[in-house]
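*Asks:* Please find start08.pdb (PDB, C-alpha atoms) on the next line:
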ATOM      1  CA  MET A   1       3.598  12.545  -6.000  1.00  0.00           C
ATOM      2  CA  LEU A   2       5.144   9.075  -6.099  1.00  0.00           C
ATOM      3  CA  ASP A   3       3.687   6.332  -8.255  1.00  0.00           C
ATOM      4  CA  THR A   4       1.896   3.622  -6.260  1.00  0.00           C
ATOM      5  CA  GLY A   5       3.815   0.930  -8.151  1.00  0.00           C
ATOM      6  CA  PHE A   6       7.082   2.475  -6.991  1.00  0.00           C
ATOM      7  CA  ILE A   7       5.874   2.644  -3.397  1.00  0.00           C
ATOM      8  CA  ALA A   8       4.755  -0.999  -3.517  1.00  0.00           C
ATOM      9  CA  ALA A   9       8.154  -2.028  -4.917  1.00  0.00           C
ATOM     10  CA  VAL A  10       9.993  -0.168  -2.144  1.00  0.00           C
ATOM     11  CA  LEU A  11       7.794  -1.822   0.479  1.00  0.00           C
ATOM     12  CA  GLU A  12       8.472  -5.210  -1.101  1.00  0.00           C
ATOM     13  CA  GLY A  13      12.202  -4.523  -0.747  1.00  0.00           C
ATOM     14  CA  ILE A  14      11.716  -3.604   2.891  1.00  0.00           C
ATOM     15  CA  GLU A  15       9.821  -6.868   3.419  1.00  0.00           C
ATOM     16  CA  ALA A  16      12.714  -8.853   1.961  1.00  0.00           C
ATOM     17  CA  THR A  17      15.247  -6.979   4.096  1.00  0.00           C
ATOM     18  CA  LEU A  18      13.215  -7.632   7.217  1.00  0.00           C
ATOM     19  CA  GLY A  19      13.030 -11.317   6.258  1.00  0.00           C
ATOM     20  CA  GLU A  20      16.817 -11.463   6.059  1.00  0.00           C
ATOM     21  CA  LEU A  21      17.136  -9.744   9.430  1.00  0.00           C
ATOM     22  CA  ILE A  22      14.669 -12.158  11.036  1.00  0.00           C
ATOM     23  CA  GLU A  23      16.813 -15.088   9.915  1.00  0.00           C
ATOM     24  CA  ARG A  24      20.027 -13.537  11.258  1.00  0.00           C
ATOM     25  CA  VAL A  25      19.177 -12.034  14.636  1.00  0.00           C
ATOM     26  CA  ALA A  26      20.012 -14.023  17.736  1.00  0.00           C
ATOM     27  CA  THR A  27      17.213 -13.112  20.138  1.00  0.00           C
ATOM     28  CA  SER A  28      13.720 -14.474  19.708  1.00  0.00           C
ATOM     29  CA  GLU A  29      12.221 -11.258  21.114  1.00  0.00           C
ATOM     30  CA  LEU A  30      13.818  -9.217  18.347  1.00  0.00           C
ATOM     31  CA  GLN A  31      12.771 -11.821  15.764  1.00  0.00           C
ATOM     32  CA  SER A  32       9.184 -11.512  16.958  1.00  0.00           C
ATOM     33  CA  SER A  33       9.269  -7.721  16.756  1.00  0.00           C
ATOM     34  CA  LEU A  34      10.744  -7.811  13.260  1.00  0.00           C
ATOM     35  CA  ASP A  35       8.145 -10.380  12.217  1.00  0.00           C
ATOM     36  CA  VAL A  36       5.344  -8.077  13.366  1.00  0.00           C
ATOM     37  CA  LEU A  37       6.934  -5.189  11.483  1.00  0.00           C
ATOM     38  CA  GLN A  38       7.278  -7.324   8.354  1.00  0.00           C
ATOM     39  CA  SER A  39       3.605  -8.329   8.595  1.00  0.00           C
ATOM     40  CA  ARG A  40       2.545  -4.686   8.850  1.00  0.00           C
ATOM     41  CA  VAL A  41       4.690  -3.708   5.859  1.00  0.00           C
ATOM     42  CA  THR A  42       3.191  -6.601   3.867  1.00  0.00           C
ATOM     43  CA  ALA A  43      -0.352  -5.533   4.780  1.00  0.00           C
ATOM     44  CA  LEU A  44       0.408  -1.954   3.764  1.00  0.00           C
ATOM     45  CA  ARG A  45       1.901  -3.056   0.436  1.00  0.00           C
ATOM     46  CA  LEU A  46      -1.073  -5.291  -0.338  1.00  0.00           C
ATOM     47  CA  SER A  47      -3.448  -2.471   0.545  1.00  0.00           C
ATOM     48  CA  ILE A  48      -1.641  -0.090  -1.783  1.00  0.00           C
ATOM     49  CA  GLU A  49      -1.535  -2.648  -4.586  1.00  0.00           C
ATOM     50  CA  SER A  50      -5.227  -3.468  -4.304  1.00  0.00           C
ATOM     51  CA  SER A  51      -6.264   0.182  -4.244  1.00  0.00           C
ATOM     52  CA  ALA A  52      -4.122   0.844  -7.323  1.00  0.00           C
ATOM     53  CA  GLN A  53      -5.864  -1.959  -9.208  1.00  0.00           C
ATOM     54  CA  GLU A  54      -9.395  -0.780  -8.429  1.00  0.00           C
ATOM     55  CA  PRO A  55     -10.807   1.490 -11.089  1.00  0.00           C
ATOM     56  CA  GLU A  56     -11.292   4.917  -9.673  1.00  0.00           C
ATOM     57  CA  ALA A  57     -14.810   6.209  -9.598  1.00  0.00           C
ATOM     58  CA  ILE A  58     -15.058   8.896 -12.207  1.00  0.00           C
ATOM     59  CA  GLU A  59     -17.586  11.505 -11.314  1.00  0.00           C
ATOM     60  CA  GLU A  60     -19.105  13.094 -14.336  1.00  0.00           C
ATOM     61  CA  PRO A  61     -20.034  16.729 -13.915  1.00  0.00           C
ATOM     62  CA  GLU A  62     -23.732  17.369 -13.892  1.00  0.00           C
ATOM     63  CA  GLU A  63     -24.982  19.175 -16.943  1.00  0.00           C
ATOM     64  CA  PRO A  64     -26.829  22.375 -16.197  1.00  0.00           C
ATOM     65  CA  VAL A  65     -30.563  22.164 -16.763  1.00  0.00           C
ATOM     66  CA  ALA A  66     -32.073  25.011 -18.742  1.00  0.00           C
ATOM     67  CA  VAL A  67     -35.184  26.419 -17.110  1.00  0.00           C
ATOM     68  CA  GLU A  68     -37.496  28.588 -19.172  1.00  0.00           C
ATOM     69  CA  ALA A  69     -39.333  31.419 -17.456  1.00  0.00           C
ATOM     70  CA  THR A  70     -43.049  31.622 -18.275  1.00  0.00           C
TER      71      THR A  70
END
Go ahead and express the file in the form of structure tokens.
*Replies:*
Amino acid sequence: MLDTGFIAAVLEGIEATLGELIERVATSELQSSLDVLQSRVTALRLSIESSAQEPEAIEEPEEPVAVEAT
């Protein structure tokens, strides 16, 4: 399984690449599509980063209760 920090870093690189493409493409329609894609990648990265920072809920196993027969 990949580390969430690695995934976030890869997504950040994709964001930067998309930013460069947006600046260099000639058609506004393609710029708009790339901008939407960049926004979605950013949202995904931020979601991954925030979930990685939240402490995971640790469920403690329930201890068995001894029951005495009478």
*Asks:* The PyMOL selection byres ((chain A and resi 10-12) around 12) - which residues does that actually catch in the file I just gave you? List them as a list in words.
*Replies:*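 Here the PyMOL selection byres ((chain A and resi 10-12) around 12) matches Leu2, Asp3, Thr4, Gly5, Phe6, Ile7, Ala8, Ala9, Gly13, Ile14, Glu15, Ala16, Thr17, Leu18, Gly19, Leu37, Gln38, Ser39, Arg40, Val41, Thr42, Ala43, Leu44, Arg45, Leu46, Ser47, Ile48 and Glu49 of chain A.
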*Asks:* What would the file look like if the residues just selected were written as a PDB file, in the coordinates of the input with C-alpha atoms?
*Replies:*
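Listing of selection-v5.pdb after writing:
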ATOM      1  CA  LEU A   2       5.144   9.075  -6.099  1.00  0.00           C
ATOM      2  CA  ASP A   3       3.687   6.332  -8.255  1.00  0.00           C
ATOM      3  CA  THR A   4       1.896   3.622  -6.260  1.00  0.00           C
ATOM      4  CA  GLY A   5       3.815   0.930  -8.151  1.00  0.00           C
ATOM      5  CA  PHE A   6       7.082   2.475  -6.991  1.00  0.00           C
ATOM      6  CA  ILE A   7       5.874   2.644  -3.397  1.00  0.00           C
ATOM      7  CA  ALA A   8       4.755  -0.999  -3.517  1.00  0.00           C
ATOM      8  CA  ALA A   9       8.154  -2.028  -4.917  1.00  0.00           C
ATOM      9  CA  GLY A  13      12.202  -4.523  -0.747  1.00  0.00           C
ATOM     10  CA  ILE A  14      11.716  -3.604   2.891  1.00  0.00           C
ATOM     11  CA  GLU A  15       9.821  -6.868   3.419  1.00  0.00           C
ATOM     12  CA  ALA A  16      12.714  -8.853   1.961  1.00  0.00           C
ATOM     13  CA  THR A  17      15.247  -6.979   4.096  1.00  0.00           C
ATOM     14  CA  LEU A  18      13.215  -7.632   7.217  1.00  0.00           C
ATOM     15  CA  GLY A  19      13.030 -11.317   6.258  1.00  0.00           C
ATOM     16  CA  LEU A  37       6.934  -5.189  11.483  1.00  0.00           C
ATOM     17  CA  GLN A  38       7.278  -7.324   8.354  1.00  0.00           C
ATOM     18  CA  SER A  39       3.605  -8.329   8.595  1.00  0.00           C
ATOM     19  CA  ARG A  40       2.545  -4.686   8.850  1.00  0.00           C
ATOM     20  CA  VAL A  41       4.690  -3.708   5.859  1.00  0.00           C
ATOM     21  CA  THR A  42       3.191  -6.601   3.867  1.00  0.00           C
ATOM     22  CA  ALA A  43      -0.352  -5.533   4.780  1.00  0.00           C
ATOM     23  CA  LEU A  44       0.408  -1.954   3.764  1.00  0.00           C
ATOM     24  CA  ARG A  45       1.901  -3.056   0.436  1.00  0.00           C
ATOM     25  CA  LEU A  46      -1.073  -5.291  -0.338  1.00  0.00           C
ATOM     26  CA  SER A  47      -3.448  -2.471   0.545  1.00  0.00           C
ATOM     27  CA  ILE A  48      -1.641  -0.090  -1.783  1.00  0.00           C
ATOM     28  CA  GLU A  49      -1.535  -2.648  -4.586  1.00  0.00           C
TER      29      GLU A  49
END
*Asks:* Would you compute the box with edges along x, y and z of the file around region 40-53 of chain A, including every atom the file lists for it and 6 Å extra on each side, and give its centre and edge lengths in Å to one decimal, as JSON?
*Replies:*
{"center_x": -0.8, "center_y": -2.9, "center_z": -0.2, "size_x": 23.0, "size_y": 19.4, "size_z": 30.1}
*Asks:* Could you state the separation of CA of Leu34 (chain A) and CA of Ile22 (chain A) in Å, given to one decimal place?
*Replies:*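 A separation of 6.3 Å between them.
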*Asks:* Separation of CA of Met1 (chain A) and CA of Glu54 (chain A), in Å?
*Replies:*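 Distance reported for this atom pair: 18.8 Å.
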